[in-house]
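What follows is one structure encoded as structure tokens, with my remarks underneath.
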Amino acid sequence: MSDKYRDLLEQYDVKVISTFRSRGTFQCETDQGLALLKEYHSSPRKLAMEYEWKEKLAEAGFSLTDRYFLSREDSLVVYDRYHTPFVLKHYFSGRECDLGNPADVYAACQNLGLMHRISSGIPEIPFENPRTESLSHLFERRNQELRTIRRFIGKSHKKKAFELAYMKYFSVFYAEAEHALSTLRALGEDSLAPSSGVRHGAYQHHNILILPGGSVATVGFESICYGPYLMDFYLFLRKAMEKNHYDWRLFERGLAGYAQQLPLNDRDLLFLYLLFLYPEKFWKVSNQYFNRRKSWISPKMLEKLERIPAQNKERQNFLEHFSRYLLK
């Protein structure tokens with residue numbers, strides 16, 4: 001172990017047994033279990049909020065999270081000789097959730113339902129003025145962004161391969177985006193009213209660890225926020241669907257896992273349907289393009305864009321199945 005990491009770990013009241021690197025992180029086995037040491041560059045307020053919420057979750061029975069160690073000085077952050085901030089987290093020896101494995105999908109969704117159920121029962125939340133963006137405002141904002149990107153590319157005189165492909169596909173996906181918004185307005189957003197609270201914010205397979213014995217650990221709470229719980233559920237399911245050709249059977253396993261802990265009513269299912277109705281993959285690629293330098297566009301960006309039409313056919317089949325499911 002280098003002097004740098006030794007000096008950092010000595011600021012904690014832990015006994016280090018061994019150290020090793022894994023995927024660019026520095027991990028150590030301690031007398032309090034596996035721990036992860038990493039640089040921290042977000043705000044102290046956000047860190048304190050995340051710490052407080054994970055402690056509340058643990059007190060309420062949801063303890064398998066990457067909780068922070070406090071230093072000997074009762075600080076969440078320690079510094080190296082160059083004043084670079086570091087944090088030490090509890091961690092777990094497990095594997096990432098396999099989105100192609102129905103058992104993993106069920107376990108991950110059951111774990112999310114449990115976290116949301118416990119979260120909803122914690123009266124004191126770490127947000128002073130909790131606010132959430134309405135779904136109609138989210139769709140409106142994204143549609144405005146798509147129009148802005150379309151105008152920007154349209155004014156370009158020397159369009160690159162990505163931009164030519166984007167112009168080719170834009171009208172189809174923008175029509176889908178407008179359809180999602182108009183459908184939401186026709187249904188009346190107030191009739192949906194999904195339950196809101198403190199949610200994970202980035203509940204995806206990289207942040208879900210399947211431990212030996214089958215239990216699930218949840219990590220990566222840096223995007224913690226206040227909003228509809230179903231946004232977490234949608235993020236996970238969308239990733240699973242995209243990677244598995246929108247396999248309906250896998251989707252059903254996810255629904256069953258979540259409902260095992262937190263039953264879903266008709267309004268919840270309709271809210272999920274509307275989220276899937278929006279062409280988010282196209283919006284995400286658009287947003288990535290617009291927020292990066294345009295002098296060189298990564299070939300991977302073009303590959304992502306070119307894959308969307310084929311994925312969209314599978315998505316449309318999935319949406320047809322979903323709409324029939326809602327009518328049962």
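Starting from 1 in every chain, residues are counted up; chains themselves are A, B, ... following the order of the structure tokens, and ligands are numbered from 1 as listed.
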(Q) Among segment 91-271 of chain A, which residues does DSSP mark as strand (DSSP E) when it is run on the backbone? Keep the chain and numbering as in the structure and answer as a list in words. (A)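 DSSP-assigned strand (DSSP E) residues in segment 91-271 of chain A: Arg95, Glu96, Ser196, Gly197, Val198, Arg199, Ile208, Leu209, Ile210, Val216, Ala217, Thr218, Cys225, Tyr226, Gly227 and Pro228 of chain A.
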**Report entry** For Tyr174 of chain A: contacts at 9 Å, only C-alpha atoms, fewer than 2 positions along chain excluded, given as a PyMOL selection string
**Finding:** chain A and resi 143+146-147+169-172+176-179+279+282
### Exercise: Gln311 of chain A partners within 12 Å, only C-alpha atoms, chain neighbours under 2 positions left out, as an MDAnalysis selection string
chainID A and resid 238 241:247 279:282 304:309 313:318
**OP:** Work out how far atom CA of Thr25 of chain A is from atom CA of His205 of chain A, in Å to one decimal.
**Re:**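 Atom-to-atom, atom CA of His205 of chain A to atom CA of Thr25 of chain A, that is 17.9 Å.
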For Met301 of chain A, the closest of A:Cys225, A:Ala161, A:Leu327, A:Ile208 counting only C-alpha atoms is A:Ala161
inquiry  = What's around Leu99 of chain A at 7 Å? Count only C-alpha atoms, leave out sequence neighbours fewer than 5 positions away in its own chain, and write the answer as JSON, numbers by chain.
reply    = {"A": [104, 105, 205, 240]}
Please save C-alpha atoms of the selected residues as a PDB file, in the first residue's frame.
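As written to disk, selection.pdb reads:
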```pdb
ATOM      1  CA  ASP A 104     -31.646 -11.091 -10.861  1.00  0.00           C
ATOM      2  CA  VAL A 105     -34.286  -8.758 -12.324  1.00  0.00           C
ATOM      3  CA  HIS A 205     -27.480  -2.635 -12.704  1.00  0.00           C
ATOM      4  CA  ALA A 240     -33.379  -4.160 -18.725  1.00  0.00           C
TER       5      ALA A 240
END
```
Which residues come within 9 Å of Phe26 of chain A, counting only C-alpha atoms, excluding same-chain residues fewer than 6 positions away, as a VMD selection string? chain A and resid 5 19 to 20 35 to 38
Spatial neighbours of His116 of chain A, max dist 8 Å, only C-alpha atoms, sep filter under 5 positions, as a list of chain:residue names:
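Near neighbours after the sequence-gap exclusion: A:Arg199, A:Tyr229, A:Leu262.
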